[in-house]
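Visitor: What follows is protein17.cif; its format and atoms are mmCIF, C-alpha atoms and all ligand atoms.
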```
data_input
loop_
_atom_site.label_atom_id
_atom_site.label_comp_id
_atom_site.auth_asym_id
_atom_site.auth_seq_id
_atom_site.Cartn_x
_atom_site.Cartn_y
_atom_site.Cartn_z
CA MET T 1395 -171.15 -69.13 4.28
CA LYS T 1396 -174.95 -69.28 4.51
CA ARG T 1397 -176.60 -72.38 3.15
CA MET T 1398 -179.19 -72.49 0.40
CA LEU T 1399 -181.32 -75.37 -0.88
CA SER T 1400 -183.88 -75.82 -3.60
CA GLY T 1401 -185.34 -78.44 -5.91
CA ILE T 1402 -187.47 -79.01 -8.96
CA LYS T 1403 -190.04 -81.73 -9.51
CA PRO T 1404 -189.64 -82.97 -13.10
CA THR T 1405 -193.09 -84.44 -13.71
CA GLY T 1406 -192.54 -83.35 -17.31
CA GLN T 1407 -189.90 -81.44 -19.23
CA LEU T 1408 -188.53 -78.37 -17.46
CA THR T 1409 -190.16 -75.12 -18.53
CA LEU T 1410 -189.12 -71.55 -19.12
CA GLY T 1411 -191.02 -70.80 -15.88
CA ASN T 1412 -188.78 -73.21 -13.95
CA TYR T 1413 -185.74 -71.59 -15.54
CA ILE T 1414 -186.67 -67.98 -14.84
CA GLY T 1415 -188.35 -68.50 -11.46
CA ALA T 1416 -185.85 -70.97 -10.05
CA LEU T 1417 -182.95 -72.52 -11.98
CA ARG T 1418 -181.46 -69.28 -13.24
CA ASN T 1419 -181.35 -67.95 -9.70
CA PHE T 1420 -179.69 -71.11 -8.35
CA VAL T 1421 -176.90 -70.50 -10.84
CA LYS T 1422 -176.53 -66.88 -9.75
CA TYR T 1423 -176.48 -67.77 -6.07
CA GLN T 1424 -174.02 -70.66 -6.24
CA ASP T 1425 -171.01 -68.34 -5.91
CA GLU T 1426 -172.31 -66.66 -2.78
CA TYR T 1427 -173.87 -69.55 -0.89
CA GLU T 1428 -173.23 -73.14 0.02
CA MET T 1429 -175.72 -74.49 -2.49
CA TYR T 1430 -177.71 -77.74 -2.47
CA VAL T 1431 -179.91 -78.44 -5.48
CA PHE T 1432 -181.80 -81.66 -5.88
CA ILE T 1433 -184.20 -83.41 -8.22
CA ALA T 1434 -187.41 -84.00 -6.29
CA ASN T 1435 -188.21 -87.42 -7.73
CA LEU T 1436 -190.31 -88.56 -4.76
CA HIS T 1437 -192.55 -85.56 -5.31
CA CYS T 1438 -193.09 -86.67 -8.91
CA ILE T 1439 -194.89 -89.86 -7.97
CA THR T 1440 -197.69 -88.19 -6.02
CA GLU T 1441 -199.46 -88.66 -9.36
CA TYR T 1442 -198.96 -91.63 -11.68
CA GLN T 1443 -195.95 -91.33 -13.99
CA ASP T 1444 -195.11 -93.73 -16.75
CA PRO T 1445 -191.81 -95.22 -15.46
CA GLN T 1446 -189.99 -94.80 -18.74
CA ASP T 1447 -191.11 -91.19 -19.14
CA LEU T 1448 -190.18 -90.45 -15.55
CA ARG T 1449 -186.66 -91.83 -16.00
CA LYS T 1450 -186.19 -89.71 -19.13
CA ASN T 1451 -187.53 -86.56 -17.44
CA LEU T 1452 -185.26 -87.06 -14.43
CA THR T 1453 -182.19 -87.58 -16.62
CA ASP T 1454 -183.03 -84.54 -18.71
CA ALA T 1455 -183.56 -82.46 -15.59
CA VAL T 1456 -180.07 -83.24 -14.23
CA ALA T 1457 -178.54 -82.54 -17.64
CA LEU T 1458 -180.46 -79.27 -17.81
CA TYR T 1459 -179.31 -78.26 -14.32
CA LEU T 1460 -175.75 -78.50 -15.62
CA ALA T 1461 -176.57 -77.01 -19.02
CA CYS T 1462 -178.10 -73.95 -17.35
CA GLY T 1463 -174.87 -73.40 -15.46
CA LEU T 1464 -175.00 -75.26 -12.16
CA ASP T 1465 -171.43 -76.28 -11.47
CA PRO T 1466 -170.86 -79.50 -9.47
CA ASN T 1467 -167.66 -77.97 -8.09
CA LYS T 1468 -169.69 -75.18 -6.52
CA SER T 1469 -173.10 -76.78 -5.88
CA THR T 1470 -174.09 -80.14 -4.47
CA ILE T 1471 -176.42 -81.70 -7.03
CA PHE T 1472 -178.30 -84.88 -6.15
CA LEU T 1473 -181.35 -87.06 -6.60
CA GLN T 1474 -183.78 -87.03 -3.66
CA THR T 1475 -184.09 -90.84 -3.41
CA ASP T 1476 -180.30 -91.22 -3.26
CA VAL T 1477 -180.48 -89.63 0.19
CA ARG T 1478 -182.74 -91.93 2.18
CA ALA T 1479 -183.15 -89.45 5.02
CA HIS T 1480 -185.68 -87.43 2.96
CA ALA T 1481 -188.41 -90.08 3.19
CA GLN T 1482 -187.61 -90.81 6.82
CA LEU T 1483 -187.71 -87.21 8.01
CA GLY T 1484 -190.71 -86.70 5.70
CA TYR T 1485 -192.70 -89.14 7.80
CA ILE T 1486 -191.66 -87.43 11.02
CA MET T 1487 -192.67 -84.09 9.49
CA ALA T 1488 -196.08 -85.49 8.51
CA CYS T 1489 -196.54 -86.39 12.18
CA ASN T 1490 -195.87 -82.76 13.03
CA THR T 1491 -198.12 -81.17 10.42
CA TYR T 1492 -201.79 -80.48 11.16
CA LEU T 1493 -204.54 -81.48 8.73
CA GLY T 1494 -205.76 -77.89 8.85
CA GLU T 1495 -202.39 -76.70 7.57
CA LEU T 1496 -202.42 -79.15 4.65
CA ASN T 1497 -206.01 -78.21 3.83
CA ARG T 1498 -204.95 -74.58 3.47
CA MET T 1499 -202.27 -75.27 0.85
CA THR T 1500 -203.34 -73.50 -2.35
CA GLN T 1501 -202.04 -76.16 -4.73
CA PHE T 1502 -204.03 -78.87 -2.98
CA LYS T 1503 -207.12 -76.67 -2.67
CA ASP T 1504 -206.99 -75.83 -6.40
CA LYS T 1505 -206.86 -79.48 -7.39
CA GLN T 1506 -209.69 -80.30 -5.01
CA ALA T 1507 -211.77 -77.41 -6.35
CA LYS T 1508 -211.24 -78.67 -9.91
CA GLY T 1509 -212.78 -81.90 -8.74
CA GLU T 1510 -209.70 -83.99 -9.47
CA LYS T 1511 -210.40 -87.64 -8.88
CA ASN T 1512 -208.11 -90.19 -7.22
CA MET T 1513 -205.94 -87.68 -5.39
CA THR T 1514 -203.36 -89.61 -3.40
CA ALA T 1515 -202.34 -89.35 0.25
CA GLY T 1516 -198.83 -88.55 -1.05
CA LEU T 1517 -200.15 -85.49 -2.87
CA TYR T 1518 -201.87 -84.33 0.29
CA THR T 1519 -198.84 -84.74 2.57
CA TYR T 1520 -196.35 -83.49 0.00
CA PRO T 1521 -195.75 -80.19 1.84
CA SER T 1522 -194.53 -82.22 4.83
CA LEU T 1523 -192.00 -84.01 2.64
CA MET T 1524 -190.95 -80.65 1.22
CA ALA T 1525 -190.39 -79.42 4.78
CA ALA T 1526 -188.12 -82.41 5.36
CA ASP T 1527 -186.21 -81.66 2.14
CA ILE T 1528 -185.39 -78.21 3.43
CA LEU T 1529 -184.88 -78.82 7.15
CA LEU T 1530 -182.55 -81.81 6.68
CA TYR T 1531 -179.92 -79.40 5.36
CA GLN T 1532 -180.46 -76.67 7.96
CA ALA T 1533 -180.87 -74.32 5.00
CA ASN T 1534 -180.94 -70.55 5.65
CA TYR T 1535 -182.55 -69.69 2.32
CA VAL T 1536 -184.81 -71.41 -0.19
CA PRO T 1537 -184.98 -69.71 -3.61
CA VAL T 1538 -188.35 -70.48 -5.21
CA GLY T 1539 -190.96 -69.03 -7.55
CA GLU T 1540 -194.05 -67.39 -6.10
CA ASP T 1541 -196.18 -70.58 -6.11
CA GLN T 1542 -193.85 -72.41 -3.70
CA LYS T 1543 -193.58 -69.63 -1.13
CA GLN T 1544 -196.53 -70.95 0.85
CA HIS T 1545 -194.82 -74.34 1.24
CA VAL T 1546 -191.66 -72.72 2.57
CA GLU T 1547 -193.76 -70.72 5.02
CA LEU T 1548 -195.38 -73.94 6.23
CA THR T 1549 -191.87 -75.39 6.62
CA ARG T 1550 -191.00 -72.46 8.88
CA ASP T 1551 -194.10 -73.06 11.00
CA ILE T 1552 -193.34 -76.76 11.43
CA ALA T 1553 -189.68 -76.06 12.25
CA GLN T 1554 -190.60 -73.42 14.81
CA ARG T 1555 -193.17 -75.70 16.41
CA MET T 1556 -190.68 -78.57 16.72
CA ASN T 1557 -187.95 -76.26 18.01
CA ASN T 1558 -190.35 -75.04 20.69
CA LYS T 1559 -191.24 -78.58 21.71
CA TYR T 1560 -187.83 -80.21 21.56
CA GLY T 1561 -185.16 -77.51 21.58
CA ASP T 1562 -183.15 -76.24 18.65
CA LEU T 1563 -183.50 -78.95 16.01
CA PHE T 1564 -183.74 -76.85 12.87
CA THR T 1565 -182.53 -73.65 11.27
CA ILE T 1566 -185.58 -71.58 10.30
CA PRO T 1567 -185.40 -71.15 6.51
CA GLU T 1568 -186.43 -68.06 4.57
CA PRO T 1569 -188.03 -68.18 1.12
CA LEU T 1570 -186.24 -66.07 -1.50
CA VAL T 1571 -188.62 -64.93 -4.21
CA ALA T 1572 -187.21 -62.71 -6.97
CA LYS T 1573 -188.91 -59.36 -7.68
CA VAL T 1574 -189.07 -60.04 -11.42
CA GLY T 1575 -189.84 -63.45 -12.93
CA ALA T 1576 -191.26 -65.21 -9.86
CA ARG T 1577 -194.51 -66.01 -11.65
CA ILE T 1578 -194.26 -66.43 -15.41
CA MET T 1579 -197.71 -66.82 -16.91
CA SER T 1580 -199.07 -69.02 -19.68
CA LEU T 1581 -198.64 -67.50 -23.14
CA GLN T 1582 -202.19 -68.52 -24.02
CA ASP T 1583 -203.89 -67.51 -20.77
CA PRO T 1584 -202.01 -64.87 -18.79
CA SER T 1585 -204.26 -65.44 -15.77
CA LYS T 1586 -202.69 -68.88 -15.30
CA LYS T 1587 -199.15 -69.86 -14.35
CA MET T 1588 -196.94 -71.27 -17.12
CA SER T 1589 -196.84 -74.92 -16.16
CA LYS T 1590 -195.63 -78.35 -17.25
CA SER T 1591 -199.20 -79.57 -17.20
CA ASP T 1592 -200.36 -77.05 -19.82
CA GLU T 1593 -203.08 -78.90 -21.74
CA THR T 1594 -202.56 -77.31 -25.14
CA ASN T 1595 -198.76 -77.04 -24.89
CA LYS T 1596 -198.99 -73.68 -26.67
CA GLY T 1597 -198.89 -71.61 -23.50
CA CYS T 1598 -195.74 -73.22 -22.16
CA ILE T 1599 -192.19 -73.08 -23.49
CA TYR T 1600 -190.04 -76.07 -22.62
CA LEU T 1601 -186.28 -75.69 -22.32
CA LEU T 1602 -185.83 -78.41 -24.92
CA ASP T 1603 -188.43 -77.04 -27.35
CA ASP T 1604 -187.33 -76.80 -30.95
CA LEU T 1605 -186.36 -73.14 -31.43
CA LYS T 1606 -188.85 -72.65 -34.25
CA VAL T 1607 -191.62 -74.02 -32.06
CA ALA T 1608 -190.61 -71.76 -29.16
CA ARG T 1609 -190.59 -68.72 -31.47
CA LYS T 1610 -194.02 -69.59 -32.79
CA LYS T 1611 -195.44 -69.90 -29.28
CA ILE T 1612 -194.17 -66.40 -28.44
CA MET T 1613 -195.34 -64.85 -31.71
CA SER T 1614 -198.84 -66.25 -31.12
CA ALA T 1615 -198.99 -65.32 -27.42
CA VAL T 1616 -202.30 -63.83 -26.31
CA THR T 1617 -202.09 -60.08 -25.74
CA ASP T 1618 -204.88 -57.44 -25.77
CA SER T 1619 -206.60 -54.88 -27.94
CA VAL T 1620 -205.30 -51.76 -26.18
CA GLY T 1621 -202.62 -51.37 -28.85
CA VAL T 1622 -200.08 -49.49 -26.71
CA ILE T 1623 -196.85 -50.95 -25.34
CA GLN T 1624 -196.65 -50.01 -21.66
CA LEU T 1625 -196.44 -51.75 -18.29
CA ASP T 1626 -200.02 -52.32 -17.16
CA LYS T 1627 -200.17 -55.70 -15.47
CA GLU T 1628 -203.88 -55.49 -14.71
CA ASN T 1629 -205.20 -54.51 -18.12
CA GLN T 1630 -202.45 -55.92 -20.34
CA PRO T 1631 -201.28 -59.05 -18.50
CA GLY T 1632 -200.14 -60.91 -21.63
CA LEU T 1633 -197.91 -58.07 -22.77
CA TYR T 1634 -196.60 -57.57 -19.24
CA ASN T 1635 -195.71 -61.26 -19.06
CA LEU T 1636 -193.76 -61.11 -22.34
CA ILE T 1637 -191.80 -58.09 -21.15
CA GLU T 1638 -191.15 -59.81 -17.81
CA ILE T 1639 -189.78 -62.88 -19.63
CA ALA T 1640 -187.42 -60.77 -21.75
CA SER T 1641 -186.37 -58.67 -18.77
CA SER T 1642 -185.52 -61.73 -16.64
CA ILE T 1643 -183.35 -63.30 -19.31
CA SER T 1644 -181.66 -60.17 -20.64
CA ASP T 1645 -181.17 -58.57 -17.22
CA ARG T 1646 -182.60 -55.33 -18.68
CA SER T 1647 -185.27 -53.61 -16.59
CA MET T 1648 -188.89 -54.01 -17.68
CA GLU T 1649 -189.18 -50.22 -17.92
CA ASP T 1650 -186.23 -50.05 -20.28
CA ILE T 1651 -187.73 -52.66 -22.62
CA ALA T 1652 -191.23 -51.12 -22.54
CA ASP T 1653 -189.69 -47.73 -23.29
CA GLU T 1654 -187.71 -49.01 -26.27
CA PHE T 1655 -190.87 -50.43 -27.88
CA LYS T 1656 -193.39 -47.78 -26.81
CA ASN T 1657 -193.92 -46.51 -30.36
CA GLU T 1658 -193.91 -49.95 -32.01
CA GLY T 1659 -196.51 -52.61 -32.69
CA TYR T 1660 -196.93 -55.78 -30.62
CA GLY T 1661 -195.38 -57.91 -33.38
CA LYS T 1662 -192.06 -56.12 -33.09
CA LEU T 1663 -191.96 -56.58 -29.31
CA LYS T 1664 -192.85 -60.26 -29.65
CA GLY T 1665 -190.04 -60.65 -32.17
CA TYR T 1666 -187.59 -59.17 -29.66
CA VAL T 1667 -188.84 -61.44 -26.86
CA ALA T 1668 -188.52 -64.44 -29.20
CA ASP T 1669 -184.94 -63.43 -30.09
CA VAL T 1670 -183.96 -63.16 -26.42
CA VAL T 1671 -185.62 -66.45 -25.45
CA CYS T 1672 -184.36 -68.42 -28.46
CA ALA T 1673 -180.77 -67.22 -28.01
CA GLU T 1674 -180.90 -68.42 -24.39
CA LEU T 1675 -182.53 -71.74 -25.28
CA GLU T 1676 -179.96 -72.35 -28.00
CA LYS T 1677 -177.09 -71.93 -25.54
CA ILE T 1678 -178.76 -74.24 -23.04
CA GLN T 1679 -179.63 -76.87 -25.64
CA ASN T 1680 -176.10 -76.95 -27.08
CA ARG T 1681 -174.66 -77.58 -23.63
CA TYR T 1682 -177.40 -80.11 -22.86
CA HIS T 1683 -176.39 -82.23 -25.87
CA GLU T 1684 -172.71 -82.09 -24.91
CA ILE T 1685 -173.53 -83.13 -21.35
CA ILE T 1686 -175.73 -86.05 -22.39
CA GLU T 1687 -172.95 -87.28 -24.69
CA SER T 1688 -170.22 -86.85 -22.07
CA LYS T 1689 -171.95 -89.41 -19.77
CA THR T 1690 -170.91 -87.54 -16.63
CA LEU T 1691 -174.32 -87.40 -14.97
CA GLU T 1692 -173.88 -90.54 -12.89
CA LYS T 1693 -170.61 -89.28 -11.42
CA VAL T 1694 -172.13 -85.89 -10.58
CA LEU T 1695 -175.11 -87.51 -8.85
CA ASN T 1696 -173.01 -90.06 -6.95
CA GLU T 1697 -170.68 -87.41 -5.60
CA GLY T 1698 -173.59 -85.11 -4.81
CA ALA T 1699 -175.46 -87.83 -2.91
CA ILE T 1700 -172.44 -88.61 -0.73
CA LYS T 1701 -171.99 -84.95 0.22
CA ALA T 1702 -175.71 -84.39 0.78
CA ALA T 1703 -176.21 -87.58 2.82
CA LYS T 1704 -173.49 -86.56 5.24
CA ILE T 1705 -175.43 -83.50 6.34
CA ALA T 1706 -178.90 -85.01 6.00
CA ASP T 1707 -178.03 -88.12 8.04
CA GLU T 1708 -176.60 -86.01 10.82
CA THR T 1709 -179.82 -83.98 11.09
CA LEU T 1710 -182.01 -87.09 10.94
CA GLN T 1711 -179.99 -88.82 13.65
CA ASN T 1712 -180.20 -85.81 15.90
CA VAL T 1713 -183.96 -85.55 15.37
CA GLU T 1714 -184.52 -89.27 16.04
CA LYS T 1715 -182.45 -89.07 19.19
CA THR T 1716 -184.06 -85.88 20.45
CA ILE T 1717 -187.67 -86.95 19.95
CA GLY T 1718 -187.03 -90.27 21.69
CA LEU T 1719 -187.01 -92.75 18.83
CA GLU T 1720 -183.57 -94.12 19.62
CA ILE T 1721 -182.85 -96.71 22.31
CA LYS T 1722 -179.39 -96.92 23.82
CA TYR T 1723 -178.69 -100.45 25.14
P1 LIG E 1801 -191.89 -77.22 -9.25
O1 LIG E 1801 -191.18 -78.39 -9.84
O2 LIG E 1801 -193.34 -77.06 -9.52
O3 LIG E 1801 -191.15 -75.91 -9.69
C1 LIG E 1801 -189.74 -75.75 -9.52
C2 LIG E 1801 -189.41 -74.29 -9.29
O4 LIG E 1801 -189.83 -73.53 -10.43
C3 LIG E 1801 -190.69 -72.47 -10.02
N1 LIG E 1801 -191.69 -72.24 -11.05
C4 LIG E 1801 -191.96 -71.05 -11.60
N2 LIG E 1801 -191.43 -69.84 -11.38
C5 LIG E 1801 -191.92 -68.81 -12.11
N3 LIG E 1801 -192.91 -68.94 -13.02
C6 LIG E 1801 -193.48 -70.15 -13.28
N4 LIG E 1801 -194.42 -70.27 -14.18
C7 LIG E 1801 -192.99 -71.27 -12.54
N5 LIG E 1801 -193.31 -72.59 -12.54
C8 LIG E 1801 -192.51 -73.17 -11.62
C9 LIG E 1801 -191.31 -72.96 -8.72
O5 LIG E 1801 -191.80 -71.91 -7.93
C10 LIG E 1801 -190.16 -73.70 -8.09
O6 LIG E 1801 -189.30 -72.81 -7.39
N6 LIG E 1801 -192.48 -78.59 -4.50
C11 LIG E 1801 -191.54 -78.06 -5.44
C12 LIG E 1801 -190.25 -78.85 -5.53
C13 LIG E 1801 -189.61 -79.04 -4.22
C14 LIG E 1801 -188.84 -78.07 -3.51
C15 LIG E 1801 -188.41 -78.73 -2.31
C16 LIG E 1801 -188.46 -76.75 -3.77
C17 LIG E 1801 -189.64 -80.17 -3.48
N7 LIG E 1801 -188.93 -80.00 -2.31
C18 LIG E 1801 -187.64 -78.06 -1.37
C19 LIG E 1801 -187.68 -76.09 -2.83
C20 LIG E 1801 -187.28 -76.75 -1.64
C21 LIG E 1801 -192.20 -78.04 -6.82
O7 LIG E 1801 -193.10 -78.79 -7.09
O8 LIG E 1801 -191.63 -77.19 -7.69
#
```
Have the structure of the file written as structure tokens, please.
Ligand code: TYM

Guide:
Amino acid sequence: MKRMLSGIKPTGQLTLGNYIGALRNFVKYQDEYEMYVFIANLHCITEYQDPQDLRKNLTDAVALYLACGLDPNKSTIFLQTDVRAHAQLGYIMACNTYLGELNRMTQFKDKQAKGEKNMTAGLYTYPSLMAADILLYQANYVPVGEDQKQHVELTRDIAQRMNNKYGDLFTIPEPLVAKVGARIMSLQDPSKKMSKSDETNKGCIYLLDDLKVARKKIMSAVTDSVGVIQLDKENQPGLYNLIEIASSISDRSMEDIADEFKNEGYGKLKGYVADVVCAELEKIQNRYHEIIESKTLEKVLNEGAIKAAKIADETLQNVEKTIGLEIKY
């Protein structure tokens, strides 16, 4: 069975973008692959997080993993810091990543271009840690949304470089980016990705949003003045995004949905998208509440960490030995 690994960084509440671009696919793949899914808590602290908020977001993220359908009997679910090898291999990876490579990472460049102050060294070297996350497990595939593809490609470059220098240390991973839903856009500005750090909150749907709030966000999504329902990503990006959201969740093709509404007004389409999204959120939220009450999260994470550490420690040991860090007395 081929191995697959992915993670989410819960710097805030998980979003519909995380669900469609990532989480939903993890659930689909868990029957076919040996699946490792973790909560990237070390990645969260590249920017200051209020400790209490962080703890809550991490807990909610694990509960949401399960609520969305990840099954601990099929997937290994764990917290990054419970497997110490991540930070250790992360440092070794940073020593094998060039500054030029980090400077080319779009996420870093965007923040720099926005003139963000007080950017940390952790934020800069975060792609090296992400490479460690993946390579520790010798993963064949990494399912991610469009924005993370560049980081997986960097991981491949680092792995290939180290394999060339030292012999076969790592499996070369491949990013898996879905054809539909890999880049869900903000409902208020369809030129921007839907993201946890949405300033107004109106452009982003959170998985734990009150259903009325979620519906309102969809009904007031920015569209266009063309007035025709069709698939024209360039000229009608807001409409396209709404259809893409509904298509991803309902598993209907975008063409099919656009065709059904081609003689209707935008309000009717938005109502349909809201119905699809709210029905899905309601299912997830019901399970989320049951899971929080069942107090099973600790057990899931403990068992996941033991399974994950077994593989991660083996890789780390082999790397340390091969690159000459170990002394045999
Ligand atoms: P993060 O937490 O930003 O996002 C988690 C996953 O959700 C996807 N995603 C989206 N997909 C579609 N539309 C959107 N609007 C949208 N927003 C987010 C992301 O592409 C991602 O797949 N660095 C990673 C976490 C990470 C990781 C890893 C992932 C750390 N180590 C190793 C894979 C493998 C991150 O910040 O993702």

Visitor: Give me, please, the distance in Å between atom CA of Asn1412 of chain T and atom CA of Ser1642 of chain T, quoted to one decimal.

Guide: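 Interatomic distance, atom CA of Asn1412 of chain T to atom CA of Ser1642 of chain T: 12.2 Å.
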
Visitor: Here is a test: counting only C-alpha atoms, which residue of T:Leu1529, T:Val1431, T:Ile1486, T:Leu1625 is nearest to Asp1650 of chain T?

Guide: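 Between T:Leu1529, T:Val1431, T:Ile1486, T:Leu1625, the residue approaching Asp1650 of chain T most closely is T:Leu1625.
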
Visitor: Excluding Asn1512 of chain T and its own-chain neighbours fewer than 3 positions away, which residues fall within 10 Å of it when counting only C-alpha atoms? Please give them as an mmCIF file with C-alpha atoms, keeping the file's coordinate frame.

Guide:
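Result went into result_4.cif, see below:
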```
data_model
loop_
_atom_site.group_PDB
_atom_site.id
_atom_site.type_symbol
_atom_site.label_atom_id
_atom_site.label_comp_id
_atom_site.auth_asym_id
_atom_site.auth_seq_id
_atom_site.Cartn_x
_atom_site.Cartn_y
_atom_site.Cartn_z
ATOM 1 C CA GLU T 1441 -199.460 -88.660 -9.360
ATOM 2 C CA GLY T 1509 -212.780 -81.900 -8.740
ATOM 3 C CA ALA T 1515 -202.340 -89.350 0.250
#
```

Visitor: In Å, rounded to a single decimal, give me how far atom CA of Thr1594 of chain T is from atom CA of Glu1676 of chain T.

Guide: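 A separation of 23.3 Å between them.
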
Visitor: Could you list, as a ChimeraX atom specification, all the residues within 7 Å of ligand LIG 1801 (chain E), counting all atoms listed in the file?

Guide: /T:1399-1404,1411-1416,1434,1437,1524-1525,1527-1528,1536-1542,1575-1579,1587-1589

Visitor: Using all atoms listed in the file, pick whichever of T:Lys1677, T:Lys1701, T:Lys1715, T:Lys1611 has the shortest atom-to-atom distance to Gly1463 of chain T.

Guide: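 Comparing T:Lys1677, T:Lys1701, T:Lys1715, T:Lys1611 against Gly1463 of chain T, the winner is T:Lys1677.
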
Visitor: In Å, rounded to a single decimal, give me how far atom CA of Pro1567 of chain T is from atom CA of Arg1397 of chain T.

Guide: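 A separation of 9.5 Å between them.
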
Visitor: Tell me which of T:Tyr1430, T:Tyr1723, T:Tyr1518, T:Tyr1660 sits closest to Gln1474 of chain T, counting all atoms listed in the file.

Guide: T:Tyr1430

Visitor: Between T:Val1456, T:Leu1410, T:Leu1517, T:Leu1581, single out the one closest to Lys1689 of chain T, counting all atoms listed in the file.

Guide: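 Going through T:Val1456, T:Leu1410, T:Leu1517, T:Leu1581 one by one, the smallest distance to Lys1689 of chain T is for T:Val1456.
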
Visitor: Select, from T:Ile1433, T:Gln1443, T:Asn1419, T:Val1607, the residue with the minimum atom-to-atom distance to Asp1476 of chain T, counting all atoms listed in the file.

Guide: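 Distance minimum relative to Asp1476 of chain T lands on T:Ile1433.
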
Visitor: May I ask which of the residues T:Glu1428, T:Asp1583, T:Asp1444, T:Glu1649 is the closest one to Ala1702 of chain T, counting all atoms listed in the file?

Guide: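 Smallest separation from Ala1702 of chain T among the options: T:Glu1428.
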
Visitor: Leaving out Glu1654 of chain T and any residue of its chain fewer than 4 positions from it, which residues lie within 12 Å of it when counting only C-alpha atoms, given as a list in words?

Guide: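 Within the cut-off, the hits are Ile1623, Gln1624, Ile1637, Arg1646, Ser1647, Met1648, Glu1649, Asp1650, Glu1658, Gly1659, Lys1662, Leu1663 and Tyr1666 of chain T.
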
Visitor: Each residue of segment 1427-1509 of chain T lying at most 8 Å from segment 1547-1562 of chain T should get a row with its shortest atom-to-atom pair and the distance in Å to one decimal, counting only C-alpha atoms; could you produce that, ordered by chain and increasing number, as a Markdown table?

Guide:
```
| residue | atom | partner | partner_atom | distance |
| --- | --- | --- | --- | --- |
| T:Met1487 | CA | T:Ile1552 | CA | 7.6 |
| T:Asn1490 | CA | T:Ile1552 | CA | 6.7 |
| T:Thr1491 | CA | T:Ile1552 | CA | 6.6 |
| T:Glu1495 | CA | T:Leu1548 | CA | 7.7 |
```
